[in-house]
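Below you'll find the structure, written out as structure tokens, and then a few comments.
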Amino acid sequence: MTLPMESMYQQIILDHYKHPQHHGLPEDFDAEVHHVNPTCGDEVTLRVRIADGQIAELGWEGEGCSISQASTSVMSDLVAGKPIDDAMQLQEKFLGLMQSRGNSELTEADEDELEDAVAFEGVSKYPARVKCALLGWMAMKSAVAEAGWSGTDVKQTEKSGSQS
Amino acid sequence: MTLPMESMYQQIILDHYKHPQHHGLPEDFDAEVHHVNPTCGDEVTLRVRIADGQIAELGWEGEGCSISQASTSVMSDLVAGKPIDDAMQLQEKFLGLMQSRGNSELTEADEDELEDAVAFEGVSKYPARVKCALLGWMAMKSAVAEAGWSGTDVKQTEKSGSQS
Amino acid sequence: MTLDVEAVRKDFPILSREVHGVPLVYLDSANTSQKPQVVLDTLTDFYAMHNANVARAVHTLGSEATNAFEDARDKVAAFINAANRDEVVFTKNSSEALNLIAYSISNATTFPGADQFRIGPGDEIVVTEMEHHSNIVPWQLLAQRTGATFRWLPIDDDGRLVDSSIDEIITERTKIVAFVHQSNALGTINPVSRIVARAKAVGALTVLDASQSAPHLPLDVQALDVDFVAFTGHKMYGPTGVGVLWGRYDLLAAMPPFLGGGEMIETVDMTGTTFAAPPHRFEAGTPMIAEAVGLGAAIDYLSALGMENVAAREHELVTYALEQLATIDGLTIIGPDVPVDRGATVAFTLAGIHPHDIAQLLDEQGIAVRAGHHCARPVCVRYGISATTRASFGIYTTTEEIDALVRGVTKVKEMFS
Amino acid sequence: MTLDVEAVRKDFPILSREVHGVPLVYLDSANTSQKPQVVLDTLTDFYAMHNANVARAVHTLGSEATNAFEDARDKVAAFINAANRDEVVFTKNSSEALNLIAYSISNATTFPGADQFRIGPGDEIVVTEMEHHSNIVPWQLLAQRTGATFRWLPIDDDGRLVDSSIDEIITERTKIVAFVHQSNALGTINPVSRIVARAKAVGALTVLDASQSAPHLPLDVQALDVDFVAFTGHKMYGPTGVGVLWGRYDLLAAMPPFLGGGEMIETVDMTGTTFAAPPHRFEAGTPMIAEAVGLGAAIDYLSALGMENVAAREHELVTYALEQLATIDGLTIIGPDVPVDRGATVAFTLAGIHPHDIAQLLDEQGIAVRAGHHCARPVCVRYGISATTRASFGIYTTTEEIDALVRGVTKVKEMFS
Ligand SMILES: Cc1ncc(COP(=O)(O)O)c(C=O)c1O
Ligand SMILES: Cc1ncc(COP(=O)(O)O)c(C=O)c1O
């Protein structure tokens, strides 16, 4: 099937959907969260273990559309093993991308940092799908918070995401 | 002052306003009613005396715009001394005229019957003013009913007048 | 007479649009319909030539605007065969119409002289499991406000009401039965007379949610014999921002007011207020004037087509769509899978592929369908699914568009295989 | 920068209309304003190119419609300097916005966790004697539902609030103070900071009815320091059928829902429902999509003119009008007769001639003004009159039109003499 050039379904997304990374729930964890996107029923259960200010381990299980599942997979790849501060910065950046309504202006540096997550740029044009792409990222953020991290350097911006 | 040909303010109306007929409340009466047009504050107090199925006597006092006062005056001239049934038929006819939204199709016979009341035809184009023109007529109808007349040959149509 | 679909399509400017470089195939009319040019022209003409506030003004524009607005009320009344134009209340949408009844009923608790509408603990409100959220939540909230009990008629595996439940659930305790005429999630057309007969037998008020039937079937409120009917302009080729509550005059005339404000009063005093007769009692503030006038134009448009013809045409479409979709392996219809007592709205699932992905990939082929729970989440819960994909048709839908849908779904399957 | 009125007038198609064979002089903008061409074009473009339901759709049109609708919310938020776009709730008009607050507060009585909003016997709701019915009746009905007491700040002979009453009437018992920013009946602009300071001192919520100020003054909800603000699209050069409730986010987030239905929920279950965050919690059903988008266009239009310039221009107009009307013998201004803390709305009586006759005869000369109690009947009661004639101005009003009014009134006097 040939899709428009600007298809939301980049090959990277389909690959992650078919071969999700960090899939499965680790036995050893500091926090588990279960997030649901009430408007479409997407679900993710996610566990993290924190050590030395880092996300030492992260795993998840979920159900839902390819966007939510692939995005969770991409997120896992990006933040597992990273310092929490970096993970939160990435989360911020991804949130910004999703809220851009198709008008993001990613610098080359941003693209380098976001890696595969850049593939979700097209989602930002579809307000109804933004929550799908954010599901895993929000779960990760909550899990880290629940595990005891209380960084304050990253400002609260979820509110403004409620339009979708 | 020159007014458009189709002015609502026909000379007849101004004449009745300046020289109201049957003005004043008779001492001897069977029923008195007080009607108010809540949207514009027009008021009329009206007394009737019924005898032999006729409106033997009718008088009124009021306050309000020239349309409400002149219409009450015209109505008084038309129905005083008439058989109740005729008065009710006239009331029906005038109500129909007022509800015509400027599209009345009066026959010559109608015009003969309605006499000066035909001058109010222009009012029907102004929904907000229709109630002014009807105030005295509605008061007359209530007063007659209160005085004990219970004719049933004239169908209830006030409901459909509530649009204005 | 049959519908000339090609002529109809020419009346809808948006249908000549392309999305993603391909012509638009709009199969989401149950969500909102598109608008014919005459509705747009009516709005523009109203604002450019006759705009004024209604009822309050004595000047020419005010009279023209009032006449246009009240003419729209006449058109609605004729369209649904109301006995009396004053039974037609303009609201902002169906949801407000349904909430209006629910709030008027709880207001009866403290409103002098409205005893006949009071409900409380021990009383029951009955809906169905296939309702739109707009015909669930207002009643749940009413139950919360009054202490009454909220109950519902269950649905069976085919997407129909469980017939035996009608007599079981609707009992002497039932005060209100609120149900959908045609389900937006399943396409099911409910047995109105069966339910109304039972409700009348127990003395309950009946509220019909006609949001999905008004655009598609001839609607005769007297023949339906219900007490209240709600529907919404934007689904019947009219503007957004306008809906209708129809109610029996004697009920409306006895019901406490809902929203307070300008136009719904008889006289206001700092120490107490009296209220206007229906419909104005329920129309607080400046109404959706242009929108009502635009709805009137949409109704004229539909009436010229003839609602019998519209219904016949859409029956053909759904018959064809059910046949064609049945050829797709792994596709399951959610709702009646035969074109009997059902409207032209078809929801389905596809094994292993999430509805959001289906809808999105269809969109990339120019085909607009909806995916989700369609604001009727209990239906999804009932069938143990998180969502469905829904294609819904209207007067401008062609069989070629249904073919495009079938091709599109087949392509999506290939992509995810 | 001053307003180029001639350029503005060219943007309003209706201003080239004639009535009764003479050019229209529209002096009824406080009732409803006229609409610039850009608002009409925005509506047409939306319906003809981007129409779809919002929030629910994953397809292209749905995304375009949602973005357009949410952009309108951003525009409103910026226009009133809201701290957060999610503080902007779309309603059908001001009246619904005010009722929304009143119903949310009575819903707190039975809504779990909403104790902070509960009111009952012994509590007081305070309005002013110059309120529009839409800011009186919702509170009278709330008092009826909850048993709270309804009170008001009186007005003096000049059409201003009696200053001493502010401290007397607003007391520790007061839970809500609802008042108008600019009176539609008198033109008075109220001392917001004075009232808010007192309300805050006693811990009462403040509700500002900005229906008549939003179109005419720069509005900064943070500087005004109130809790809620209501205004309406049709008076600010936007479409009918759309209004705005602005509220502080923390309050909106804690308040019980009002209308129930689609879009205002988080998740619906037959056995219980949870609600979305603001603003969606308060936007049940399909919103007035095109109308909000049209309001956005009106706001862009106003912002391009500059609200400071609009206010300055209208101040000139009212100064001129008060001067000119003062030359007519027998004419009494109802409201402040000096151009201080007042907007460009002038009500008057003429000895011996009923306002309806004045307005009607002005109409026959092409001049549209309003006559009546202007949905603020207590003002008429206060001054012992049944009605006034009211001329109200907007961005397109000229001093020549005020001259025409003065000539017109003079002619009416002659006719009745
Ligand atoms: C001061 C004031 N408040 C409230 C309203 C009500 O606005 P709406 O009729 O749009 O609800 C109006 C105008 O009608 C008004 O002038
Ligand atoms: C069956 C049904 N009822 C009620 C509604 C609510 O209509 P609205 O959103 O216009 O209030 C809808 C559509 O959204 C519907 O399909």
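Lettering and numbering for the structure tokens are positional, with chains as A, B, ... in the shown order, residues counted from 1 in each chain, and ligands counted from 1 in the shown order.
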Pull out every residue of chain B sitting within 6 Å of chain D, counting only C-alpha atoms, and send them as a ChimeraX atom specification. /B:40-41,65
Export of prior selection with C-alpha atoms as an mmCIF file, in the first residue's frame:
```cif
data_model
loop_
_atom_site.group_PDB
_atom_site.id
_atom_site.type_symbol
_atom_site.label_atom_id
_atom_site.label_comp_id
_atom_site.auth_asym_id
_atom_site.auth_seq_id
_atom_site.Cartn_x
_atom_site.Cartn_y
_atom_site.Cartn_z
ATOM 1 C CA CYS B 40 -43.382 47.214 27.898
ATOM 2 C CA GLY B 41 -45.421 48.190 30.905
ATOM 3 C CA CYS B 65 -47.881 53.855 24.128
#
```
Set out as JSON lines a contact list for chain C and chain D with a cut-off of 6 Å, giving each residue of chain C that qualifies its closest atom pair and distance in Å to one decimal, counting only C-alpha atoms, ordered by chain and rising residue number.
```
{"residue": "C:Pro13", "atom": "CA", "partner": "D:Ala48", "partner_atom": "CA", "distance": 5.4}
{"residue": "C:Ile14", "atom": "CA", "partner": "D:Ala48", "partner_atom": "CA", "distance": 4.9}
{"residue": "C:Thr32", "atom": "CA", "partner": "D:Asn53", "partner_atom": "CA", "distance": 5.7}
{"residue": "C:Ala48", "atom": "CA", "partner": "D:Ile14", "partner_atom": "CA", "distance": 4.9}
{"residue": "C:Met49", "atom": "CA", "partner": "D:Ile14", "partner_atom": "CA", "distance": 5.2}
{"residue": "C:Asn53", "atom": "CA", "partner": "D:Thr32", "partner_atom": "CA", "distance": 5.7}
{"residue": "C:Ala57", "atom": "CA", "partner": "D:Arg370", "partner_atom": "CA", "distance": 5.7}
{"residue": "C:His59", "atom": "CA", "partner": "D:Asp363", "partner_atom": "CA", "distance": 5.3}
{"residue": "C:Ser95", "atom": "CA", "partner": "D:Gly285", "partner_atom": "CA", "distance": 5.3}
{"residue": "C:Thr110", "atom": "CA", "partner": "D:Arg145", "partner_atom": "CA", "distance": 5.8}
{"residue": "C:His133", "atom": "CA", "partner": "D:Gly261", "partner_atom": "CA", "distance": 4.9}
{"residue": "C:Ser134", "atom": "CA", "partner": "D:Gly261", "partner_atom": "CA", "distance": 3.4}
{"residue": "C:Val137", "atom": "CA", "partner": "D:Gly260", "partner_atom": "CA", "distance": 4.9}
{"residue": "C:Pro138", "atom": "CA", "partner": "D:Gly260", "partner_atom": "CA", "distance": 4.7}
{"residue": "C:Arg145", "atom": "CA", "partner": "D:Thr110", "partner_atom": "CA", "distance": 5.8}
{"residue": "C:Thr240", "atom": "CA", "partner": "D:Met288", "partner_atom": "CA", "distance": 5.2}
{"residue": "C:Gly241", "atom": "CA", "partner": "D:Met288", "partner_atom": "CA", "distance": 4.1}
{"residue": "C:Gly260", "atom": "CA", "partner": "D:Pro138", "partner_atom": "CA", "distance": 4.7}
{"residue": "C:Gly261", "atom": "CA", "partner": "D:Ser134", "partner_atom": "CA", "distance": 3.4}
{"residue": "C:Gly262", "atom": "CA", "partner": "D:His133", "partner_atom": "CA", "distance": 5.2}
{"residue": "C:Asp269", "atom": "CA", "partner": "D:Pro378", "partner_atom": "CA", "distance": 5.9}
{"residue": "C:Gly285", "atom": "CA", "partner": "D:Ser95", "partner_atom": "CA", "distance": 5.3}
{"residue": "C:Met288", "atom": "CA", "partner": "D:Gly241", "partner_atom": "CA", "distance": 4.1}
{"residue": "C:Asp363", "atom": "CA", "partner": "D:His59", "partner_atom": "CA", "distance": 5.3}
{"residue": "C:Ala368", "atom": "CA", "partner": "D:His59", "partner_atom": "CA", "distance": 5.5}
{"residue": "C:Arg370", "atom": "CA", "partner": "D:Ala57", "partner_atom": "CA", "distance": 5.7}
{"residue": "C:Cys375", "atom": "CA", "partner": "D:Gly262", "partner_atom": "CA", "distance": 5.7}
{"residue": "C:Pro378", "atom": "CA", "partner": "D:Asp269", "partner_atom": "CA", "distance": 5.9}
```
Suppose we keep C-alpha atoms; can you now write the selection as a compact mmCIF listing (two decimals), in the first residue's frame?
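Below is the file again.txt, written as the result:
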```
# COMPACT_ATOMS: atom_id res chain seq x y z
CA PRO C 13 -19.37 22.80 -1.39
CA ILE C 14 -17.13 20.77 0.92
CA THR C 32 -21.80 15.91 12.11
CA ALA C 48 -25.55 40.98 6.05
CA MET C 49 -29.14 42.17 5.66
CA ASN C 53 -31.80 40.91 18.33
CA ALA C 57 -36.63 45.47 19.29
CA HIS C 59 -37.28 48.65 14.74
CA SER C 95 -27.40 17.75 24.97
CA THR C 110 -38.09 23.60 45.33
CA HIS C 133 -23.46 10.00 26.86
CA SER C 134 -25.73 13.00 26.39
CA VAL C 137 -25.02 11.68 32.15
CA PRO C 138 -27.91 14.19 32.53
CA ARG C 145 -29.48 15.57 42.73
CA THR C 240 -23.70 24.13 14.74
CA GLY C 241 -24.94 25.81 17.89
CA GLY C 260 -32.81 32.19 34.06
CA GLY C 261 -32.31 35.44 32.20
CA GLY C 262 -33.60 37.77 29.55
CA ASP C 269 -38.66 42.26 40.36
CA GLY C 285 -30.86 35.16 26.89
CA MET C 288 -28.97 31.33 18.53
CA ASP C 363 -8.08 9.31 6.30
CA ALA C 368 -13.33 10.23 6.79
CA ARG C 370 -14.88 7.91 13.08
CA CYS C 375 -19.80 8.87 23.11
CA PRO C 378 -21.27 1.46 27.67
```
Residues of stretch 3-106 of chain B classed as helix (DSSP H, G or I) by DSSP on the backbone are to be reported as JSON, numbers by chain. {"B": [11, 12, 13, 14, 15, 16, 17, 18, 66, 67, 68, 69, 70, 71, 72, 73, 74, 75, 76, 77, 78, 79, 84, 85, 86, 87, 88, 89, 90, 91, 92, 93, 94, 95, 96, 97, 98]}
Can you list, as a PDB file with N, CA, C and O atoms, in the first residue's frame, every protein, DNA or RNA residue that comes within 7 Å of stretch 91-100 of chain A when you count only C-alpha atoms, leaving out same-chain residues fewer than 5 positions away?
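Now in part_26.pdb:
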```
ATOM      1  N   GLU A 121       6.216  13.288  14.715  1.00  0.00           N
ATOM      2  CA  GLU A 121       5.916  14.688  14.401  1.00  0.00           C
ATOM      3  C   GLU A 121       4.543  14.833  13.729  1.00  0.00           C
ATOM      4  O   GLU A 121       3.754  15.706  14.071  1.00  0.00           O
ATOM      5  N   VAL A 123       1.906  13.264  14.081  1.00  0.00           N
ATOM      6  CA  VAL A 123       0.766  13.069  14.981  1.00  0.00           C
ATOM      7  C   VAL A 123       0.251  14.410  15.509  1.00  0.00           C
ATOM      8  O   VAL A 123      -0.942  14.577  15.766  1.00  0.00           O
ATOM      9  N   SER A 124       1.169  15.367  15.635  1.00  0.00           N
ATOM     10  CA  SER A 124       0.789  16.631  16.280  1.00  0.00           C
ATOM     11  C   SER A 124      -0.278  17.383  15.489  1.00  0.00           C
ATOM     12  O   SER A 124      -0.938  18.269  16.011  1.00  0.00           O
ATOM     13  N   VAL A 130      -2.915  12.976  19.702  1.00  0.00           N
ATOM     14  CA  VAL A 130      -1.774  13.426  20.517  1.00  0.00           C
ATOM     15  C   VAL A 130      -1.705  12.669  21.835  1.00  0.00           C
ATOM     16  O   VAL A 130      -0.628  12.257  22.284  1.00  0.00           O
ATOM     17  N   TRP A 137       4.754   8.283  27.638  1.00  0.00           N
ATOM     18  CA  TRP A 137       5.616   9.334  28.216  1.00  0.00           C
ATOM     19  C   TRP A 137       5.051   9.852  29.536  1.00  0.00           C
ATOM     20  O   TRP A 137       5.794  10.096  30.492  1.00  0.00           O
ATOM     21  N   GLY A 161      -2.029  20.826  27.653  1.00  0.00           N
ATOM     22  CA  GLY A 161      -2.191  19.743  26.697  1.00  0.00           C
ATOM     23  C   GLY A 161      -3.624  19.238  26.644  1.00  0.00           C
ATOM     24  O   GLY A 161      -3.950  18.371  25.856  1.00  0.00           O
TER      25      GLY A 161
END
```
Might you pull out every residue within 7 Å of A:Leu25, with only C-alpha atoms counted and same-chain residues fewer than 3 positions away left off, and present them as a short mmCIF file (atom, residue, chain, number, x, y, z; two decimals) with N, CA and C atoms, in the first residue's frame?
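Saved result, result-v9.cif, follows:
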```cif
data_model
loop_
_atom_site.label_atom_id
_atom_site.label_comp_id
_atom_site.auth_asym_id
_atom_site.auth_seq_id
_atom_site.Cartn_x
_atom_site.Cartn_y
_atom_site.Cartn_z
N ARG A 47 6.59 -0.08 34.70
CA ARG A 47 7.37 -0.17 35.95
C ARG A 47 8.74 0.46 35.76
N GLY A 59 10.14 -1.19 32.14
CA GLY A 59 9.45 -2.15 31.28
C GLY A 59 7.96 -1.88 31.28
N TRP A 60 7.27 -2.37 30.29
CA TRP A 60 5.84 -2.04 30.18
C TRP A 60 5.07 -3.11 29.44
N GLU A 61 3.77 -3.05 29.64
CA GLU A 61 2.84 -3.82 28.83
C GLU A 61 1.70 -2.88 28.47
#
```
Looking at only C-alpha atoms and all ligand atoms, which of D:Ser211, D:Asn309, D:Ser164, D:Thr174 is the one that sits closest to ligand 1? D:Ser211
Extract, using only C-alpha atoms, all DNA, RNA and protein residues at most 12 Å from A:Gly62, discarding same-chain residues fewer than 3 positions from it, and format them as number ranges by chain. A: 17, 20-25, 33-37, 41-47, 59, 65-73, 132, 135-136, 139
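Going from atom CA of D:Leu322 over to atom CA of D:Val5, you cover 20.0 Å.
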Can you tell me which residues surround A:Asp116 at a distance of at most 9 Å, considering only C-alpha atoms, apart from same-chain residues fewer than 3 positions away, and format the answer as a PyMOL selection string? chain A and resi 12-13+74-75+78+111+119-120
Write down as a PyMOL selection string the residues of chain A whose backbone DSSP state falls under strand (DSSP E or B). chain A and resi 23+31-37+42-51+54-63+83
Write to file, as a JSON list (two decimals), in the first residue's frame, the residues of the selection just made, with N, CA and C atoms.
```
[["chain", "number", "residue", "atom", "x", "y", "z"],
["A", 23, "HIS", "N", 9.48, -4.35, 26.30],
["A", 23, "HIS", "CA", 8.14, -4.89, 26.56],
["A", 23, "HIS", "C", 8.26, -5.95, 27.64],
["A", 31, "ALA", "N", 8.37, 1.51, 41.30],
["A", 31, "ALA", "CA", 7.01, 2.06, 41.12],
["A", 31, "ALA", "C", 6.37, 1.44, 39.90],
["A", 32, "GLU", "N", 5.08, 1.24, 40.01],
["A", 32, "GLU", "CA", 4.30, 0.78, 38.86],
["A", 32, "GLU", "C", 3.13, 1.73, 38.66],
["A", 33, "VAL", "N", 2.87, 2.12, 37.44],
["A", 33, "VAL", "CA", 1.67, 2.94, 37.16],
["A", 33, "VAL", "C", 0.88, 2.29, 36.04],
["A", 34, "HIS", "N", -0.42, 2.61, 36.06],
["A", 34, "HIS", "CA", -1.32, 2.14, 35.01],
["A", 34, "HIS", "C", -2.04, 3.36, 34.45],
["A", 35, "HIS", "N", -1.80, 3.67, 33.20],
["A", 35, "HIS", "CA", -2.43, 4.86, 32.61],
["A", 35, "HIS", "C", -3.39, 4.45, 31.50],
["A", 36, "VAL", "N", -4.50, 5.14, 31.46],
["A", 36, "VAL", "CA", -5.52, 4.87, 30.46],
["A", 36, "VAL", "C", -5.85, 6.17, 29.75],
["A", 37, "ASN", "N", -6.02, 6.08, 28.47],
["A", 37, "ASN", "CA", -6.51, 7.24, 27.72],
["A", 37, "ASN", "C", -8.02, 7.05, 27.58],
["A", 42, "ASP", "N", -6.82, 3.33, 25.11],
["A", 42, "ASP", "CA", -5.43, 2.87, 25.14],
["A", 42, "ASP", "C", -4.98, 2.74, 26.58],
["A", 43, "GLU", "N", -4.19, 1.67, 26.84],
["A", 43, "GLU", "CA", -3.73, 1.43, 28.21],
["A", 43, "GLU", "C", -2.25, 1.11, 28.22],
["A", 44, "VAL", "N", -1.60, 1.51, 29.29],
["A", 44, "VAL", "CA", -0.22, 1.06, 29.49],
["A", 44, "VAL", "C", 0.04, 0.85, 30.99],
["A", 45, "THR", "N", 0.71, -0.24, 31.29],
["A", 45, "THR", "CA", 1.20, -0.48, 32.65],
["A", 45, "THR", "C", 2.72, -0.40, 32.56],
["A", 46, "LEU", "N", 3.31, 0.37, 33.47],
["A", 46, "LEU", "CA", 4.74, 0.63, 33.33],
["A", 46, "LEU", "C", 5.43, 0.57, 34.69],
["A", 47, "ARG", "N", 6.59, -0.08, 34.70],
["A", 47, "ARG", "CA", 7.37, -0.17, 35.95],
["A", 47, "ARG", "C", 8.74, 0.46, 35.76],
["A", 48, "VAL", "N", 9.23, 1.12, 36.82],
["A", 48, "VAL", "CA", 10.59, 1.66, 36.78],
["A", 48, "VAL", "C", 11.34, 1.30, 38.06],
["A", 49, "ARG", "N", 12.63, 1.20, 37.88],
["A", 49, "ARG", "CA", 13.51, 1.11, 39.03],
["A", 49, "ARG", "C", 14.51, 2.25, 38.89],
["A", 50, "ILE", "N", 14.70, 2.96, 40.01],
["A", 50, "ILE", "CA", 15.57, 4.14, 40.01],
["A", 50, "ILE", "C", 16.84, 3.80, 40.79],
["A", 51, "ALA", "N", 17.98, 4.23, 40.25],
["A", 51, "ALA", "CA", 19.22, 4.06, 41.00],
["A", 51, "ALA", "C", 20.18, 5.17, 40.62],
["A", 54, "GLN", "N", 19.23, 7.72, 38.13],
["A", 54, "GLN", "CA", 19.03, 7.22, 36.78],
["A", 54, "GLN", "C", 17.82, 6.29, 36.73],
["A", 55, "ILE", "N", 17.25, 6.18, 35.53],
["A", 55, "ILE", "CA", 16.21, 5.17, 35.32],
["A", 55, "ILE", "C", 16.94, 3.86, 35.05],
["A", 56, "ALA", "N", 17.15, 3.12, 36.11],
["A", 56, "ALA", "CA", 17.98, 1.93, 36.00],
["A", 56, "ALA", "C", 17.29, 0.85, 35.18],
["A", 57, "GLU", "N", 15.98, 0.74, 35.35],
["A", 57, "GLU", "CA", 15.26, -0.26, 34.59],
["A", 57, "GLU", "C", 13.85, 0.25, 34.29],
["A", 58, "LEU", "N", 13.32, -0.15, 33.16],
["A", 58, "LEU", "CA", 11.97, 0.26, 32.77],
["A", 58, "LEU", "C", 11.38, -0.81, 31.86],
["A", 59, "GLY", "N", 10.14, -1.19, 32.14],
["A", 59, "GLY", "CA", 9.45, -2.15, 31.28],
["A", 59, "GLY", "C", 7.96, -1.88, 31.28],
["A", 60, "TRP", "N", 7.27, -2.37, 30.29],
["A", 60, "TRP", "CA", 5.84, -2.04, 30.18],
["A", 60, "TRP", "C", 5.07, -3.11, 29.44],
["A", 61, "GLU", "N", 3.77, -3.05, 29.64],
["A", 61, "GLU", "CA", 2.84, -3.82, 28.83],
["A", 61, "GLU", "C", 1.70, -2.88, 28.47],
["A", 62, "GLY", "N", 1.06, -3.15, 27.37],
["A", 62, "GLY", "CA", -0.01, -2.23, 26.99],
["A", 62, "GLY", "C", -0.92, -2.78, 25.94],
["A", 63, "GLU", "N", -1.90, -1.99, 25.61],
["A", 63, "GLU", "CA", -2.90, -2.35, 24.63],
["A", 63, "GLU", "C", -3.36, -1.07, 23.98],
["A", 83, "PRO", "N", 19.97, 9.40, 32.95],
["A", 83, "PRO", "CA", 19.71, 10.20, 34.16],
["A", 83, "PRO", "C", 18.28, 10.73, 34.11]]
```
Using only C-alpha atoms and all ligand atoms, which of the listed residues (D:Ala55, D:Ala254, D:Ile333, D:Leu219) sits closest to ligand 2?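 Among D:Ala55, D:Ala254, D:Ile333, D:Leu219, it is D:Ala55 that comes nearest to ligand 2.
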Could you jot down the atom CA of C:Val38 to atom CA of C:Gly294 separation for me, Å, one decimal place? 8.6 Å
Provide the atom CA of D:Glu308 to atom CA of D:Leu3 distance in Å, to one decimal place.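 Value for the atom CA of D:Glu308-atom CA of D:Leu3 distance: 10.0 Å.
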